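J.: This is coords19.cif (mmCIF, C-alpha atoms).
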```
data_run
#
loop_
_atom_site.label_atom_id
_atom_site.label_comp_id
_atom_site.auth_asym_id
_atom_site.auth_seq_id
_atom_site.Cartn_x
_atom_site.Cartn_y
_atom_site.Cartn_z
CA MET Y 174 -6.96 82.42 -0.30
CA GLY Y 175 -8.79 80.59 -3.03
CA MET Y 176 -11.25 77.78 -2.63
CA GLY Y 177 -8.94 75.37 -4.47
CA VAL Y 178 -6.31 75.52 -1.74
CA ALA Y 179 -8.81 74.88 1.02
CA GLY Y 180 -10.20 71.85 -0.89
CA GLY Y 181 -6.81 70.20 -0.99
CA GLY Y 182 -6.68 70.25 -4.78
CA PRO Y 183 -4.04 71.92 -6.90
CA ALA Y 184 -3.85 75.64 -6.61
CA GLY Y 185 -5.54 77.34 -9.52
CA ASP Y 186 -8.36 75.78 -11.54
CA ASP Y 187 -11.07 73.98 -9.60
CA ASP Y 188 -12.35 72.23 -12.71
CA ASP Y 189 -9.17 70.23 -13.43
CA VAL Y 190 -9.37 66.82 -11.67
CA VAL Y 191 -5.94 65.32 -11.10
CA TYR Y 192 -5.73 61.55 -10.21
CA LYS Y 193 -3.10 60.75 -7.66
CA PRO Y 194 -1.35 57.36 -8.14
CA VAL Y 195 -2.50 54.68 -5.67
CA ALA Y 196 0.32 53.84 -3.31
CA GLU Y 197 -0.85 50.21 -2.75
CA ILE Y 198 -0.26 47.40 -5.25
CA ASN Y 199 -3.33 45.31 -6.01
CA ILE Y 200 -2.00 41.73 -5.81
CA THR Y 201 -5.31 39.94 -6.38
CA PRO Y 202 -4.76 39.42 -10.14
CA MET Y 203 -1.23 38.18 -9.48
CA VAL Y 204 -2.50 35.65 -6.91
CA ASP Y 205 -5.12 34.43 -9.39
CA VAL Y 206 -2.49 33.94 -12.09
CA MET Y 207 -0.16 32.11 -9.68
CA LEU Y 208 -2.94 29.76 -8.56
CA VAL Y 209 -3.81 28.93 -12.16
CA LEU Y 210 -0.12 28.26 -12.93
CA LEU Y 211 0.14 26.08 -9.82
CA ILE Y 212 -2.84 23.99 -10.92
CA ILE Y 213 -1.40 23.65 -14.44
CA PHE Y 214 1.95 22.46 -13.10
CA MET Y 215 0.31 20.06 -10.63
CA VAL Y 216 -1.65 18.46 -13.45
CA ALA Y 217 1.19 18.49 -15.98
CA ALA Y 218 4.05 17.23 -13.74
CA PRO Y 219 2.88 13.58 -13.43
CA LEU Y 220 2.12 13.48 -17.14
CA MET Y 221 5.63 14.66 -17.97
CA VAL Y 222 7.21 11.97 -15.77
CA ALA Y 223 5.07 9.06 -17.00
CA GLY Y 224 4.76 10.21 -20.58
CA VAL Y 225 8.29 9.38 -21.72
CA PRO Y 226 7.91 6.80 -24.51
CA ILE Y 227 10.18 3.83 -23.81
CA GLU Y 228 9.95 0.13 -24.53
CA LEU Y 229 10.63 -1.99 -21.48
CA PRO Y 230 12.58 -5.21 -22.02
CA ASN Y 231 10.85 -8.53 -21.47
CA THR Y 232 12.17 -10.76 -18.73
CA SER Y 233 11.48 -14.27 -17.56
CA ALA Y 234 12.25 -13.41 -13.93
CA ALA Y 235 9.40 -13.65 -11.46
CA LYS Y 236 7.87 -10.48 -10.13
CA VAL Y 237 9.36 -9.33 -6.85
CA SER Y 238 6.12 -8.01 -5.43
CA GLN Y 239 4.08 -11.02 -6.43
CA THR Y 240 1.24 -11.61 -4.03
CA LYS Y 241 1.45 -15.23 -2.94
CA LYS Y 242 -1.14 -17.31 -1.23
CA PRO Y 243 0.08 -18.25 2.23
CA MET Y 244 1.51 -21.75 2.58
CA VAL Y 245 -0.82 -23.49 5.00
CA VAL Y 246 -0.47 -27.18 5.85
CA SER Y 247 -3.59 -28.47 7.61
CA LEU Y 248 -4.10 -31.66 9.61
CA THR Y 249 -7.75 -32.54 10.27
CA ALA Y 250 -9.12 -34.49 13.23
CA GLU Y 251 -9.54 -37.50 10.91
CA GLY Y 252 -5.83 -37.40 10.06
CA GLU Y 253 -6.27 -36.00 6.51
CA LEU Y 254 -3.48 -33.74 5.29
CA TYR Y 255 -3.92 -30.64 3.09
CA ILE Y 256 -1.55 -28.18 1.45
CA ARG Y 257 -3.68 -25.06 0.99
CA ASP Y 258 -6.93 -26.56 -0.42
CA GLU Y 259 -5.37 -29.68 -1.97
CA GLN Y 260 -5.63 -32.99 -0.12
CA ILE Y 261 -2.44 -35.06 -0.23
CA ASN Y 262 -1.05 -38.31 1.18
CA ARG Y 263 1.53 -38.14 3.96
CA SER Y 264 4.09 -39.84 1.73
CA GLU Y 265 3.86 -37.02 -0.87
CA LEU Y 266 4.11 -34.15 1.64
CA VAL Y 267 7.90 -33.62 1.40
CA SER Y 268 8.02 -33.92 -2.41
CA ARG Y 269 5.01 -31.55 -2.85
CA LEU Y 270 6.58 -28.98 -0.52
CA GLN Y 271 9.90 -29.17 -2.40
CA ALA Y 272 8.07 -28.70 -5.73
CA ILE Y 273 6.16 -25.69 -4.42
CA ARG Y 274 9.36 -24.22 -2.96
CA ALA Y 275 11.10 -24.59 -6.35
CA THR Y 276 8.37 -22.55 -8.09
CA GLU Y 277 7.42 -20.01 -5.41
CA GLY Y 278 10.62 -19.59 -3.43
CA ASP Y 279 11.16 -19.54 0.31
CA THR Y 280 8.30 -18.48 2.54
CA VAL Y 281 6.86 -19.17 5.97
CA VAL Y 282 4.78 -22.33 6.26
CA TYR Y 283 1.81 -22.16 8.62
CA VAL Y 284 0.79 -25.48 10.17
CA ARG Y 285 -2.79 -25.86 11.38
CA ALA Y 286 -3.86 -28.96 13.28
CA ASP Y 287 -7.17 -29.90 14.83
CA LYS Y 288 -6.99 -29.77 18.62
CA ARG Y 289 -8.03 -33.43 18.76
CA SER Y 290 -4.97 -34.45 16.68
CA PRO Y 291 -2.33 -36.36 18.66
CA TYR Y 292 0.73 -34.32 19.61
CA GLY Y 293 3.05 -36.85 17.95
CA GLU Y 294 1.33 -36.47 14.58
CA VAL Y 295 1.62 -32.67 14.71
CA MET Y 296 5.34 -32.96 15.52
CA GLU Y 297 5.78 -35.39 12.62
CA ILE Y 298 4.15 -32.90 10.22
CA LEU Y 299 6.43 -30.12 11.53
CA GLY Y 300 9.47 -32.33 10.90
CA ARG Y 301 8.28 -33.20 7.39
CA VAL Y 302 7.79 -29.50 6.57
CA GLY Y 303 11.40 -28.90 7.66
CA GLU Y 304 12.52 -31.79 5.40
CA GLY Y 305 10.65 -30.11 2.55
CA GLY Y 306 13.16 -27.24 2.72
CA TYR Y 307 11.17 -24.67 4.70
CA PRO Y 308 13.21 -23.51 7.70
CA ARG Y 309 10.52 -21.10 8.95
CA VAL Y 310 7.46 -22.88 10.30
CA SER Y 311 4.70 -21.25 12.33
CA LEU Y 312 1.89 -22.97 14.24
CA LEU Y 313 -1.55 -21.40 13.93
CA SER Y 314 -3.98 -21.36 16.84
CA GLN Y 315 -7.38 -19.89 17.61
CA PRO Y 316 -7.34 -17.05 20.18
CA LYS Y 317 -9.14 -18.16 23.32
CA GLN Y 318 -12.32 -16.29 24.16
CA THR Y 319 -12.40 -14.67 27.57
CA ALA Y 320 -15.44 -14.95 29.84
CA GLU Y 321 -16.41 -11.33 29.02
CA ALA Y 322 -16.26 -11.87 25.25
CA ALA Y 323 -18.26 -15.13 25.51
CA GLY Y 324 -20.95 -13.43 27.57
CA LYS Y 325 -21.60 -10.64 25.06
#
```
Go through the file and emit its structure as structure tokens.
T.:
Amino acid sequence: MGMGVAGGGPAGDDDDVVYKPVAEINITPMVDVMLVLLIIFMVAAPLMVAGVPIELPNTSAAKVSQTKKPMVVSLTAEGELYIRDEQINRSELVSRLQAIRATEGDTVVYVRADKRSPYGEVMEILGRVGEGGYPRVSLLSQPKQTAEAAGK
């Protein structure tokens, strides 16, 4: 027996080196390429959606998602009446509310009244708000502090 057979090489010449094909596939380069393609598509996809050149028509309709200031009607301890930050007379309350409703649409009206205000006056304001065309009225109050919260 020759030395070549014992070495596991091909029978015959010891000097000839024969490379056997590797049975495993090296997927590292393929993973790298796929990750780069994924990043390219992630960056390019939003640009393709938003990049279509179109001219949007102009409209006079109000925005649907318009952020509105809340409608707050306040009655102070002195009997002064406010819509948001604007002081008004009691006689103009219904007409002002109707004007605001015509421009801003229907919303909830929050009524705040000082705790020293007479109950009858608060009920009168609630009735006037209803006359102004706002069916949904909510009374605002201050949450009462418990003994534990006051002691901290």
J.: What is the CA of Arg274 (chain Y)-CA of Arg309 (chain Y) distance in Å, reported with one decimal?
T.: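 Calculated distance between CA of Arg274 (chain Y) and CA of Arg309 (chain Y) is 12.4 Å.
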J.: Please evaluate the PyMOL selection byres ((chain Y and resi 253) around 12) against the displayed coordinates and give the resulting residues as a list in words.
T.: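 With the PyMOL selection byres ((chain Y and resi 253) around 12) on this model, the match is Val246, Ser247, Leu248, Thr249, Ala250, Glu251, Gly252, Leu254, Tyr255, Ile256, Asp258, Glu259, Gln260, Ile261, Asn262, Arg263, Leu266, Arg285, Ala286, Asp287, Ser290, Glu294, Val295 and Ile298 of chain Y.
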J.: Quick check, in Å to one decimal: how far apart do CA of Asp279 (chain Y) and CA of Ser311 (chain Y) lie?
T.: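 A separation of 13.8 Å between them.
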J.: Can you tell me which residues surround Glu304 (chain Y) at a distance of at most 9 Å, considering all atoms listed in the file, apart from same-chain residues fewer than 6 positions away, and format the answer as a PyMOL selection string?
T.: chain Y and resi 267+270-271
J.: Could you state the separation of CA of Lys317 (chain Y) and CA of Leu299 (chain Y) in Å, given to one decimal place?
T.: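 Going from CA of Lys317 (chain Y) over to CA of Leu299 (chain Y) covers 22.9 Å.
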J.: Which is closer to Glu265 (chain Y) than all the others in Y:Val302, Y:Met215, Y:Asn199, Y:Pro316, using only C-alpha atoms?
T.: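 Closest to Glu265 (chain Y) of all the choices is Y:Val302.
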J.: From the options Y:Leu312, Y:Ala275, Y:Met221, Y:Val204, which residue's atoms come nearest to Val245 (chain Y), counting all atoms listed in the file?
T.: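 Looking only at the distances to Val245 (chain Y), the closest residue turns out to be Y:Leu312.
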J.: Counting all atoms listed in the file, which residue out of Y:Ser264, Y:Arg257, Y:Val191, Y:Val310 sits closest to Val282 (chain Y)?
T.: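 Looking at the shortest contact to Val282 (chain Y), the residue is Y:Val310.
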